[in-house]
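The next block holds one structure in the form of C-alpha cells; read it before the comments.
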Amino acid sequence: TQTAGEYIDDSVITMKVKSAILKDPILQASHIEVTTVNGVVKLSGTVDSEQSIGRAMEVANSQKNVKSVQNALVVKEGAPTL
C-alpha cells in the first residue's frame, strides 16, 4: 500500500513527465500515456519513430524523483521511419 506522501509524489512525477513530453518538439505529436507507481514511470501509447521512443525515455528519466522508466511504447503503423 502507498502512503499519502508516495501517492502525491507519484502524481507530481506523472504531471512533470507529461508536461516535459508535451513541451518536447520531437514528442508533441505522440500519444503517450504516463503512469507512475512508487517512482517507476511507465510510458505507453504510440509514437511516430524509434527515435521518439528513445527521446521519451530520456525525457522521463530526466525528471526529478524518477527511479526508473518502463517502456511500453509502440511505433505507429505507416509512420515514416528515420
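Starting from 1 in every chain, residues are counted up; chains themselves are A, B, ... following the order of the C-alpha cells, and ligands are numbered from 1 as listed.
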Surrounding residues of A:Glu33 excluding itself and chain neighbours under 4 positions, 10 Å, only C-alpha atoms, as a ChimeraX atom specification: /A:14,17-18,42-46,72-73
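Those residues that approach A:Val47 to within 9 Å, counting only C-alpha atoms, are Leu27, Ala29, Ser30, His31, Ile32, Gly45, Ser49, Glu50, Ser52, Ile53, Leu73, Val74, Val75, Lys76 and Ala79 of chain A; same-chain residues fewer than 2 positions away are not listed.
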Could you tell me, as number ranges by chain, which residues of chain A DSSP assigns to strand (DSSP E or B) when given the backbone? A: 31-37, 40-47, 68-75
Serialized selection, C-alpha atoms, as a short mmCIF file (atom, residue, chain, number, x, y, z; two decimals), in the first residue's frame:
data_model
loop_
_atom_site.label_atom_id
_atom_site.label_comp_id
_atom_site.auth_asym_id
_atom_site.auth_seq_id
_atom_site.Cartn_x
_atom_site.Cartn_y
_atom_site.Cartn_z
CA HIS A 31 0.08 9.88 -27.93
CA ILE A 32 1.88 8.89 -24.75
CA GLU A 33 0.19 7.79 -21.54
CA VAL A 34 2.20 8.25 -18.35
CA THR A 35 1.62 6.35 -15.10
CA THR A 36 3.84 6.32 -12.02
CA VAL A 37 3.92 3.82 -9.16
CA VAL A 40 8.65 3.97 -11.51
CA VAL A 41 7.27 5.67 -14.63
CA LYS A 42 5.53 3.60 -17.30
CA LEU A 43 5.18 5.06 -20.79
CA SER A 44 2.58 3.55 -23.11
CA GLY A 45 0.88 4.59 -26.32
CA THR A 46 2.03 5.33 -29.85
CA VAL A 47 4.87 7.37 -31.30
CA SER A 68 13.22 4.04 -13.46
CA VAL A 69 11.22 4.10 -16.69
CA GLN A 70 9.33 1.18 -18.23
CA ASN A 71 8.71 1.38 -21.96
CA ALA A 72 5.50 0.06 -23.49
CA LEU A 73 5.53 2.48 -26.44
CA VAL A 74 4.92 1.26 -29.98
CA VAL A 75 5.68 2.88 -33.34
#
Go through A:Pro25, A:Asp48, A:Val66, A:Ala56 and flag the residue nearest A:Ser11, using only C-alpha atoms for the distances.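 Smallest distance to A:Ser11 is found for A:Val66.
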Figure out the distance between atom CA of A:Glu77 and atom CA of A:Val59, please, to one decimal in Å.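 Calculated distance between atom CA of A:Val59 and atom CA of A:Glu77 is 23.3 Å.
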Looking only at the backbone, which of the residues in chain A does DSSP tag as helix (DSSP H, G or I), as a ChimeraX atom specification? /A:4-23,50-61
Would you mind listing what lies within 10 Å of A:Lys64 as a list in words, with only C-alpha atoms counted and same-chain residues fewer than 5 positions away left out?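 The residues satisfying every condition are Val12, Ile13, Lys16, Val17 and Gly39 of chain A.
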